[in-house]
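Next up, run_32.tsv (TSV, C-alpha atoms and all ligand atoms):
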chain	number	residue	atom	x	y	z
A	1	MET	CA	-7.67	4.44	-20.93
A	2	THR	CA	-8.61	2.71	-17.68
A	3	ALA	CA	-6.61	3.76	-14.68
A	4	ALA	CA	-4.84	1.52	-12.20
A	5	ILE	CA	-6.27	1.92	-8.70
A	6	ILE	CA	-3.54	2.50	-6.14
A	7	ASP	CA	-4.38	0.33	-3.14
A	8	GLY	CA	-3.33	2.46	-0.16
A	9	LYS	CA	-5.04	0.11	2.28
A	10	ALA	CA	-2.91	-2.85	1.17
A	11	PHE	CA	0.31	-0.77	1.12
A	12	ALA	CA	-0.50	0.57	4.61
A	13	GLU	CA	-1.03	-2.97	5.92
A	14	GLU	CA	2.38	-4.00	4.57
A	15	LEU	CA	4.05	-0.97	6.15
A	16	ARG	CA	2.35	-1.66	9.48
A	17	ALA	CA	3.58	-5.27	9.32
A	18	ARG	CA	7.16	-4.11	8.62
A	19	VAL	CA	6.99	-1.73	11.58
A	20	ALA	CA	5.58	-4.47	13.85
A	21	ASP	CA	8.39	-6.82	12.74
A	22	ALA	CA	11.00	-4.24	13.82
A	23	VAL	CA	9.49	-3.55	17.27
A	24	PRO	CA	10.93	-6.63	19.09
A	25	GLY	CA	14.46	-5.67	17.95
A	26	PHE	CA	14.00	-2.20	19.42
A	27	ALA	CA	12.51	-3.62	22.63
A	28	ALA	CA	15.42	-6.02	23.05
A	29	ALA	CA	17.98	-3.22	22.61
A	30	ALA	CA	16.17	-0.54	24.62
A	31	GLY	CA	14.52	-2.69	27.31
A	32	ARG	CA	11.12	-1.18	26.53
A	33	ALA	CA	8.60	-0.85	23.69
A	34	PRO	CA	8.34	2.34	21.60
A	35	GLY	CA	5.64	4.63	23.06
A	36	LEU	CA	3.14	6.91	21.32
A	37	ALA	CA	0.95	9.40	23.19
A	38	VAL	CA	-2.09	10.84	21.41
A	39	VAL	CA	-3.91	13.85	22.84
A	40	LEU	CA	-7.52	14.63	21.94
A	41	VAL	CA	-9.28	17.81	23.01
A	42	GLY	CA	-13.08	17.73	22.72
A	43	GLU	CA	-15.42	15.16	21.21
A	44	ASP	CA	-15.35	15.80	17.48
A	45	PRO	CA	-16.74	12.48	16.14
A	46	ALA	CA	-14.25	12.11	13.24
A	47	SER	CA	-11.28	12.98	15.48
A	48	SER	CA	-12.48	10.49	18.12
A	49	VAL	CA	-12.58	7.75	15.45
A	50	TYR	CA	-9.06	8.61	14.21
A	51	VAL	CA	-7.66	8.66	17.76
A	52	ARG	CA	-9.25	5.29	18.55
A	53	SER	CA	-7.83	3.83	15.30
A	54	LYS	CA	-4.37	5.19	16.16
A	55	GLY	CA	-4.50	3.61	19.62
A	56	LYS	CA	-5.54	0.22	18.22
A	57	ALA	CA	-2.89	0.32	15.48
A	58	THR	CA	-0.18	1.29	17.99
A	59	THR	CA	-1.05	-1.61	20.29
A	60	ALA	CA	-1.33	-4.03	17.35
A	61	ALA	CA	2.22	-3.07	16.32
A	62	GLY	CA	3.47	-4.03	19.79
A	63	MET	CA	4.02	-0.45	20.92
A	64	LEU	CA	2.88	1.33	24.07
A	65	SER	CA	-0.22	3.46	23.41
A	66	LEU	CA	-1.12	6.32	25.74
A	67	GLU	CA	-4.27	8.36	25.23
A	68	HIS	CA	-5.02	11.73	26.87
A	69	ARG	CA	-8.52	13.12	26.50
A	70	LEU	CA	-9.35	16.67	27.55
A	71	PRO	CA	-12.80	18.29	27.48
A	72	ALA	CA	-13.59	20.82	24.73
A	73	SER	CA	-13.53	23.48	27.48
A	74	ALA	CA	-9.86	22.75	28.36
A	75	THR	CA	-7.67	25.85	28.30
A	76	GLU	CA	-4.55	26.24	26.18
A	77	ASN	CA	-2.46	26.16	29.36
A	78	GLU	CA	-4.02	22.87	30.44
A	79	LEU	CA	-3.14	21.36	27.06
A	80	LEU	CA	0.38	22.81	27.20
A	81	GLU	CA	0.83	21.23	30.64
A	82	VAL	CA	-0.07	17.79	29.18
A	83	VAL	CA	2.45	18.34	26.37
A	84	ARG	CA	5.14	19.31	28.93
A	85	LEU	CA	4.51	16.14	30.94
A	86	LEU	CA	4.72	14.00	27.78
A	87	ASN	CA	7.93	15.76	26.68
A	88	ALA	CA	9.48	14.76	30.01
A	89	ASP	CA	8.16	11.16	30.02
A	90	PRO	CA	10.99	8.77	29.03
A	91	GLN	CA	8.59	6.02	27.88
A	92	VAL	CA	7.02	8.39	25.32
A	93	ASP	CA	8.82	8.56	21.95
A	94	GLY	CA	6.05	10.19	19.97
A	95	ILE	CA	3.51	12.89	20.82
A	96	LEU	CA	0.56	13.66	18.58
A	97	VAL	CA	-2.03	16.33	19.33
A	98	GLN	CA	-5.07	15.51	17.19
A	99	LEU	CA	-6.12	18.39	14.94
A	100	PRO	CA	-8.24	20.42	14.58
A	101	LEU	CA	-8.17	21.91	18.08
A	102	PRO	CA	-11.08	23.95	19.50
A	103	ALA	CA	-11.01	27.54	18.18
A	104	HIS	CA	-9.92	29.07	21.53
A	105	ILE	CA	-6.60	27.16	21.46
A	106	ASP	CA	-3.65	28.41	19.40
A	107	GLU	CA	-2.61	25.39	17.32
A	108	ALA	CA	0.79	26.87	16.47
A	109	ALA	CA	1.61	27.45	20.16
A	110	VAL	CA	0.74	23.86	21.03
A	111	ILE	CA	2.79	22.40	18.16
A	112	ALA	CA	5.71	24.64	19.14
A	113	ALA	CA	5.61	23.21	22.69
A	114	ILE	CA	6.17	19.60	21.50
A	115	ASP	CA	9.77	18.34	21.76
A	116	PRO	CA	10.84	18.21	18.05
A	117	ALA	CA	12.43	14.78	18.68
A	118	LYS	CA	8.99	13.47	19.73
A	119	ASP	CA	7.02	15.37	17.05
A	120	VAL	CA	5.89	12.30	15.08
A	121	ASP	CA	3.49	14.53	13.10
A	122	GLY	CA	6.47	16.50	11.76
A	123	PHE	CA	4.58	19.78	12.24
A	124	HIS	CA	7.08	21.56	14.53
A	125	VAL	CA	8.98	24.40	12.80
A	126	VAL	CA	12.27	22.60	13.50
A	127	ASN	CA	11.06	19.57	11.54
A	128	ALA	CA	9.39	21.71	8.84
A	129	GLY	CA	12.66	23.64	8.52
A	130	LYS	CA	14.74	20.47	8.25
A	131	LEU	CA	12.48	19.21	5.46
A	132	ALA	CA	12.78	22.56	3.66
A	133	VAL	CA	16.60	22.52	3.71
A	134	GLY	CA	16.87	18.83	2.79
A	135	ASP	CA	18.07	17.67	6.24
A	136	ARG	CA	16.70	14.12	6.47
A	137	SER	CA	17.18	13.81	10.25
A	138	GLY	CA	13.79	15.39	11.03
A	139	MET	CA	10.30	13.94	11.35
A	140	VAL	CA	8.26	14.14	8.12
A	141	PRO	CA	4.46	14.70	8.21
A	142	CYS	CA	2.58	11.40	7.91
A	143	THR	CA	0.09	12.11	5.11
A	144	PRO	CA	2.60	13.61	2.62
A	145	LEU	CA	5.17	10.90	3.36
A	146	GLY	CA	2.45	8.28	2.80
A	147	CYS	CA	1.56	9.94	-0.53
A	148	LEU	CA	5.23	9.89	-1.58
A	149	MET	CA	5.52	6.19	-0.71
A	150	LEU	CA	2.48	5.42	-2.90
A	151	LEU	CA	3.86	7.55	-5.75
A	152	LYS	CA	7.27	5.84	-5.67
A	153	GLU	CA	5.63	2.42	-5.53
A	154	GLN	CA	3.59	3.33	-8.61
A	155	ARG	CA	6.10	5.33	-10.71
A	156	GLY	CA	9.53	4.39	-9.33
A	157	ASP	CA	11.96	7.25	-10.01
A	158	LEU	CA	10.10	10.59	-9.97
A	159	SER	CA	13.06	12.68	-11.14
A	160	GLY	CA	12.20	15.30	-13.79
A	161	LEU	CA	8.43	14.77	-13.59
A	162	ASP	CA	6.04	17.73	-13.43
A	163	ALA	CA	4.11	17.67	-10.16
A	164	VAL	CA	1.20	19.90	-9.17
A	165	VAL	CA	0.14	20.01	-5.52
A	166	ILE	CA	-3.31	21.57	-5.10
A	167	GLY	CA	-3.47	23.04	-1.58
A	168	ARG	CA	-0.93	24.94	0.50
A	169	SER	CA	-1.60	23.78	4.07
A	170	ASN	CA	1.31	23.32	6.49
A	171	ILE	CA	0.08	19.76	7.14
A	172	VAL	CA	-0.13	18.45	3.57
A	173	GLY	CA	0.44	20.87	0.67
A	174	LYS	CA	3.71	22.52	1.69
A	175	PRO	CA	5.50	19.38	3.00
A	176	MET	CA	4.25	17.41	-0.02
A	177	ALA	CA	5.81	19.99	-2.33
A	178	GLN	CA	9.10	19.81	-0.39
A	179	LEU	CA	9.17	16.01	-0.62
A	180	LEU	CA	8.52	16.08	-4.39
A	181	LEU	CA	11.21	18.72	-4.83
A	182	ALA	CA	13.63	16.46	-2.95
A	183	GLU	CA	12.79	13.76	-5.54
A	184	SER	CA	13.82	16.25	-8.28
A	185	CYS	CA	10.30	16.87	-9.56
A	186	THR	CA	9.39	20.25	-11.06
A	187	VAL	CA	6.85	21.34	-8.47
A	188	THR	CA	3.96	23.80	-8.67
A	189	ILE	CA	1.81	24.59	-5.63
A	190	ALA	CA	-1.67	25.62	-6.74
A	191	HIS	CA	-4.26	27.13	-4.40
A	192	SER	CA	-7.53	29.04	-4.21
A	193	ARG	CA	-6.03	32.11	-5.96
A	194	THR	CA	-4.35	30.16	-8.78
A	195	ARG	CA	-5.57	31.37	-12.18
A	196	ALA	CA	-6.65	28.85	-14.85
A	197	LEU	CA	-6.25	25.99	-12.37
A	198	SER	CA	-7.41	23.33	-14.85
A	199	ASP	CA	-4.65	24.41	-17.30
A	200	VAL	CA	-2.04	24.26	-14.53
A	201	VAL	CA	-3.20	20.77	-13.48
A	202	ARG	CA	-3.28	19.53	-17.10
A	203	ARG	CA	0.53	19.97	-17.36
A	204	ALA	CA	1.23	17.58	-14.51
A	205	ASP	CA	2.56	14.02	-14.58
A	206	ILE	CA	1.73	13.87	-10.86
A	207	VAL	CA	-1.26	15.56	-9.22
A	208	VAL	CA	-1.71	15.65	-5.44
A	209	ALA	CA	-5.11	17.09	-4.53
A	210	ALA	CA	-5.42	18.37	-0.95
A	211	VAL	CA	-8.01	21.14	-0.97
A	212	GLY	CA	-10.98	19.67	0.90
A	213	ARG	CA	-13.47	20.41	-1.91
A	214	PRO	CA	-15.56	17.40	-2.92
A	215	GLU	CA	-14.84	16.13	-6.47
A	216	MET	CA	-13.44	19.49	-7.58
A	217	VAL	CA	-10.82	18.07	-9.97
A	218	LYS	CA	-12.48	16.80	-13.15
A	219	GLY	CA	-11.25	14.20	-15.63
A	220	SER	CA	-10.80	16.82	-18.36
A	221	TRP	CA	-8.30	18.68	-16.10
A	222	LEU	CA	-5.96	15.69	-16.04
A	223	ARG	CA	-3.24	14.75	-18.45
A	224	GLU	CA	-3.52	11.31	-20.09
A	225	GLY	CA	-1.59	8.83	-17.96
A	226	ALA	CA	-1.05	11.15	-14.97
A	227	VAL	CA	-0.70	9.65	-11.48
A	228	VAL	CA	-3.28	11.19	-9.15
A	229	ILE	CA	-3.06	11.14	-5.36
A	230	ASP	CA	-6.30	12.23	-3.74
A	231	VAL	CA	-5.84	13.44	-0.16
A	232	GLY	CA	-9.41	14.77	0.20
A	233	ILE	CA	-11.78	13.05	2.62
A	234	ASN	CA	-15.14	14.77	2.19
A	235	ARG	CA	-18.42	13.49	3.56
A	236	VAL	CA	-21.33	14.25	1.20
A	237	ALA	CA	-25.00	13.30	0.96
A	238	GLY	CA	-25.49	9.71	-0.25
A	239	ALA	CA	-27.99	8.37	-2.77
A	240	GLU	CA	-30.49	7.39	-0.04
A	241	PRO	CA	-32.04	10.04	2.24
A	242	GLY	CA	-30.14	10.47	5.50
A	243	LYS	CA	-27.14	8.47	4.25
A	244	THR	CA	-23.69	9.94	3.59
A	245	ARG	CA	-20.64	8.75	1.65
A	246	LEU	CA	-16.98	9.74	1.43
A	247	VAL	CA	-15.54	11.32	-1.70
A	248	GLY	CA	-12.16	12.80	-2.49
A	249	ASP	CA	-11.14	16.12	-4.04
A	250	VAL	CA	-11.01	14.38	-7.44
A	251	ASP	CA	-14.07	13.24	-9.40
A	252	PHE	CA	-12.94	9.60	-9.31
A	253	ALA	CA	-15.31	8.14	-11.94
A	254	ASP	CA	-14.57	10.99	-14.35
A	255	ALA	CA	-10.80	10.79	-13.76
A	256	MET	CA	-10.66	7.03	-14.35
A	257	GLY	CA	-11.02	7.49	-18.11
A	258	HIS	CA	-8.03	9.86	-18.30
A	259	VAL	CA	-5.32	9.03	-15.80
A	260	GLY	CA	-2.75	6.25	-15.51
A	261	ALA	CA	-3.27	5.58	-11.82
A	262	ILE	CA	-5.32	7.06	-8.99
A	263	THR	CA	-5.88	6.57	-5.26
A	264	PRO	CA	-9.49	5.84	-4.23
A	265	VAL	CA	-11.35	7.48	-1.33
A	266	PRO	CA	-11.73	5.69	1.00
A	267	GLY	CA	-8.88	3.19	0.87
A	268	GLY	CA	-6.14	5.35	-0.64
A	269	VAL	CA	-4.16	7.96	1.28
A	270	GLY	CA	-6.17	7.78	4.56
A	271	PRO	CA	-4.85	4.41	5.78
A	272	MET	CA	-1.29	5.52	4.96
A	273	THR	CA	-1.54	8.37	7.51
A	274	ILE	CA	-1.79	5.96	10.44
A	275	ALA	CA	0.76	3.49	9.03
A	276	VAL	CA	3.33	6.29	8.62
A	277	LEU	CA	2.56	7.52	12.14
A	278	LEU	CA	3.65	4.10	13.46
A	279	ARG	CA	6.73	4.24	11.23
A	280	ASN	CA	7.60	7.74	12.53
A	281	THR	CA	7.15	6.58	16.13
A	282	LEU	CA	9.53	3.68	15.56
A	283	VAL	CA	12.06	6.03	13.91
A	284	ALA	CA	11.75	8.55	16.77
A	285	ALA	CA	12.26	5.75	19.32
A	286	HIS	CA	15.46	4.57	17.62
A	287	LEU	CA	16.85	8.09	17.30
A	288	ARG	CA	16.06	8.92	20.95
A	289	GLN	CA	17.82	5.74	22.08
A	290	GLY	CA	20.81	6.37	19.80
A	291	LEU	CA	20.04	3.17	17.85
A	292	PRO	CA	20.34	2.81	14.06
A	293	VAL	CA	16.98	3.11	12.28
A	294	PRO	CA	16.06	-0.27	10.70
A	295	GLU	CA	16.20	-0.50	6.88
A	296	GLY	CA	13.01	-0.76	4.86
A	297	ILE	CA	10.54	1.15	7.02
B	1	LIG	N1	-2.31	15.65	14.50
B	1	LIG	C1	-2.91	15.27	13.35
B	1	LIG	N2	-4.20	15.58	13.14
B	1	LIG	C2	-4.79	15.21	11.97
B	1	LIG	C3	-4.06	14.47	10.99
B	1	LIG	C4	-2.71	14.17	11.25
B	1	LIG	O1	-1.99	13.56	10.41
B	1	LIG	N3	-2.17	14.59	12.44
B	1	LIG	N4	-4.71	13.99	9.86
B	1	LIG	C5	-6.14	14.09	9.74
B	1	LIG	C6	-6.95	12.95	10.27
B	1	LIG	N5	-6.34	11.63	10.28
B	1	LIG	C7	-5.44	11.35	11.24
B	1	LIG	O2	-5.33	11.99	12.23
B	1	LIG	C8	-6.81	10.57	9.43
B	1	LIG	C9	-7.72	10.81	8.41
B	1	LIG	C10	-8.24	9.75	7.65
B	1	LIG	C11	-7.84	8.45	7.88
B	1	LIG	C12	-8.41	7.30	7.13
B	1	LIG	O3	-7.94	6.19	7.24
B	1	LIG	N6	-9.49	7.51	6.36
B	1	LIG	C13	-10.18	6.44	5.69
B	1	LIG	C14	-11.69	6.71	5.75
B	1	LIG	C15	-12.18	6.73	7.16
B	1	LIG	C16	-13.69	6.95	7.25
B	1	LIG	O4	-14.42	6.06	6.85
B	1	LIG	O5	-14.09	8.02	7.76
B	1	LIG	C17	-9.76	6.36	4.22
B	1	LIG	O6	-9.45	7.41	3.65
B	1	LIG	O7	-9.80	5.26	3.70
B	1	LIG	C18	-6.92	8.21	8.87
B	1	LIG	C19	-6.41	9.26	9.64
B	1	LIG	C20	-6.66	15.33	10.43
B	1	LIG	N7	-6.08	15.52	11.74
Can I see the file as structure tokens?
Ligand SMILES: Nc1nc2c(c(=O)[nH]1)N[C@@H](CN(C=O)c1ccc(C(=O)N[C@@H](CCC(=O)O)C(=O)O)cc1)CN2
Amino acid sequence: MTAAIIDGKAFAEELRARVADAVPGFAAAAGRAPGLAVVLVGEDPASSVYVRSKGKATTAAGMLSLEHRLPASATENELLEVVRLLNADPQVDGILVQLPLPAHIDEAAVIAAIDPAKDVDGFHVVNAGKLAVGDRSGMVPCTPLGCLMLLKEQRGDLSGLDAVVIGRSNIVGKPMAQLLLAESCTVTIAHSRTRALSDVVRRADIVVAAVGRPEMVKGSWLREGAVVIDVGINRVAGAEPGKTRLVGDVDFADAMGHVGAITPVPGGVGPMTIAVLLRNTLVAAHLRQGLPVPEGI
């Protein structure tokens, strides 16, 4: 069996185009463009790249992009003060604090300080709680929502399918499981303490791997025809000395002979994260203005 490769990059481009198409309608009704503020603390190279990409994508969609950069030495209170100012700024619809934060800052306290209506990451407990109780009015985390979009595009109705999510983070694993449950999948969350992990994974029609361990999931772990969504973005040594390459949590070449469809790394889930962020910002802007959210985004 040769697997279909799920083209997240192409799907993300389409979603970004749909969001951009809806921006002028919002601007005409609200008298302003939707606004997204991204806050970066420190100079982590990967985070700096993601923040720059978010800014460019926001501007390209016709939205207002605001960037706040604080030094790695910034205190928690200094960051909280920035969040307070952004909460009060009427031109800001979405606030995103880039993670991870330096170790001396309490991530949970910072997320808790963001106005839930502007929490386009969907990490605030109000939004996490809404997702858990099936209240669709909240913001949904970008990466899991992007994974769900790719899954539905590939498989259509997911009802009754067995899904295994490997990883239990608040950012990906838990919200992913909630989204799959809402689609009436039978959901298992596997993690570092799960016994006989390969046997658990082999039962699944859908596998979402979000553990951050390079190529951990092998082809023999996967059921014939399964749909595999690889959230891992791991930088490993390349073939040439001094060079690196990106791999996922799934051994892609090995999996290809077993599964029905799989996302590549790069070019799978990653681009969806930023596309969904734009979508969430547009949704937040409509809700804050009391406007109906456009169909199809
Ligand atoms: N506040 C948040 N922080 C972080 C999030 C998040 O959703 N909210 N997610 C990640 C990082 N991230 C966005 O912030 C992100 C990761 C990866 C990609 C992406 O497009 N990856 C490419 C490869 C890029 C490369 O070459 O390095 C791909 O997979 O094709 C976009 C966004 C952690 N922090």
Residues near A:Pro214, anyone? I mean within 7 Å using all atoms listed in the file, not counting same-chain ones fewer than 4 positions away, as number ranges by chain. A: 234, 247-249
Export C-alpha atoms of the chosen residues as a PDB file, keeping the file's coordinate frame?
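Resulting contents of out-v1.pdb:
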ATOM      1  CA  ASN A 234     -15.140  14.770   2.190  1.00  0.00           C
ATOM      2  CA  VAL A 247     -15.540  11.320  -1.700  1.00  0.00           C
ATOM      3  CA  GLY A 248     -12.160  12.800  -2.490  1.00  0.00           C
ATOM      4  CA  ASP A 249     -11.140  16.120  -4.040  1.00  0.00           C
TER       5      ASP A 249
END
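The shortest atom-to-atom distance to A:Val228, with only C-alpha atoms taken into account, belongs to A:Val269 out of A:Ala33, A:Ala20, A:Val269, A:Leu40.
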Set out as a Markdown table a contact list for chain A and ligand LIG 1 (chain B) with a cut-off of 7 Å, giving each residue of chain A that qualifies its closest atom pair and distance in Å to one decimal, counting all atoms listed in the file, ordered by chain and rising residue number.
| residue | atom | partner | partner_atom | distance |
| --- | --- | --- | --- | --- |
| A:Ala46 | CA | B:LIG1 | O5 | 6.8 |
| A:Ser47 | CA | B:LIG1 | C6 | 6.8 |
| A:Tyr50 | CA | B:LIG1 | C19 | 5.3 |
| A:Val51 | CA | B:LIG1 | O2 | 6.9 |
| A:Leu96 | CA | B:LIG1 | N1 | 5.4 |
| A:Val97 | CA | B:LIG1 | N1 | 4.9 |
| A:Gln98 | CA | B:LIG1 | N1 | 3.9 |
| A:Leu99 | CA | B:LIG1 | N2 | 3.9 |
| A:Pro100 | CA | B:LIG1 | N7 | 6.1 |
| A:Asp121 | CA | B:LIG1 | N3 | 5.7 |
| A:Pro141 | CA | B:LIG1 | O1 | 6.9 |
| A:Cys142 | CA | B:LIG1 | O1 | 5.6 |
| A:Thr143 | CA | B:LIG1 | O1 | 5.9 |
| A:Ile233 | CA | B:LIG1 | O6 | 6.2 |
| A:Val265 | CA | B:LIG1 | O6 | 5.3 |
| A:Pro266 | CA | B:LIG1 | O7 | 3.3 |
| A:Gly267 | CA | B:LIG1 | O7 | 3.6 |
| A:Gly268 | CA | B:LIG1 | O7 | 5.7 |
| A:Val269 | CA | B:LIG1 | O6 | 5.8 |
| A:Gly270 | CA | B:LIG1 | O6 | 3.4 |
| A:Pro271 | CA | B:LIG1 | O3 | 3.9 |
| A:Thr273 | CA | B:LIG1 | C19 | 5.4 |
| A:Ile274 | CA | B:LIG1 | C19 | 5.7 |
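You can rank A:Pro144, A:Pro175, A:Gly156, A:Gly94 by their closest distance to A:Asn127 using only C-alpha atoms, and at the top of that list sits A:Pro175.
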Tell me, in Å to one decimal, how far atom CA of A:Val164 is from atom CA of A:Cys185. 9.6 Å
Repair of stretch 90-108 of chain A at the level of N, CA and C atoms, as a short mmCIF file (atom, residue, chain, number, x, y, z; two decimals), keeping the file's coordinate frame:
data_model
loop_
_atom_site.label_atom_id
_atom_site.label_comp_id
_atom_site.auth_asym_id
_atom_site.auth_seq_id
_atom_site.Cartn_x
_atom_site.Cartn_y
_atom_site.Cartn_z
N PRO A 90 10.02 9.54 29.81
CA PRO A 90 10.99 8.77 29.03
C PRO A 90 10.38 7.61 28.24
N GLN A 91 9.19 7.14 28.64
CA GLN A 91 8.59 6.02 27.88
C GLN A 91 7.83 6.50 26.64
N VAL A 92 7.73 7.83 26.48
CA VAL A 92 7.02 8.39 25.32
C VAL A 92 8.02 8.82 24.25
N ASP A 93 7.95 8.19 23.08
CA ASP A 93 8.82 8.56 21.95
C ASP A 93 8.13 9.49 20.98
N GLY A 94 6.80 9.37 20.91
CA GLY A 94 6.05 10.19 19.97
C GLY A 94 4.88 10.86 20.64
N ILE A 95 4.67 12.15 20.30
CA ILE A 95 3.51 12.89 20.82
C ILE A 95 2.72 13.41 19.63
N LEU A 96 1.42 13.15 19.64
CA LEU A 96 0.56 13.66 18.58
C LEU A 96 -0.64 14.35 19.21
N VAL A 97 -0.83 15.62 18.89
CA VAL A 97 -2.03 16.33 19.33
C VAL A 97 -2.99 16.33 18.14
N GLN A 98 -4.13 15.66 18.31
CA GLN A 98 -5.07 15.51 17.19
C GLN A 98 -5.62 16.88 16.78
N LEU A 99 -5.61 17.14 15.48
CA LEU A 99 -6.12 18.39 14.94
C LEU A 99 -7.44 18.10 14.20
N PRO A 100 -8.35 19.04 14.10
CA PRO A 100 -8.24 20.42 14.58
C PRO A 100 -8.49 20.53 16.09
N LEU A 101 -7.94 21.61 16.67
CA LEU A 101 -8.17 21.91 18.08
C LEU A 101 -9.35 22.89 18.17
N PRO A 102 -10.02 22.95 19.34
CA PRO A 102 -11.08 23.95 19.50
C PRO A 102 -10.54 25.36 19.20
N ALA A 103 -11.42 26.22 18.70
CA ALA A 103 -11.01 27.54 18.18
C ALA A 103 -10.28 28.41 19.21
N HIS A 104 -10.54 28.19 20.52
CA HIS A 104 -9.92 29.07 21.53
C HIS A 104 -8.47 28.67 21.82
N ILE A 105 -7.99 27.60 21.21
CA ILE A 105 -6.60 27.16 21.46
C ILE A 105 -5.75 27.45 20.24
N ASP A 106 -4.56 28.04 20.49
CA ASP A 106 -3.65 28.41 19.40
C ASP A 106 -2.85 27.16 18.98
N GLU A 107 -3.23 26.62 17.82
CA GLU A 107 -2.61 25.39 17.32
C GLU A 107 -1.09 25.51 17.22
N ALA A 108 -0.65 26.66 16.68
CA ALA A 108 0.79 26.87 16.47
C ALA A 108 1.55 26.83 17.80
#
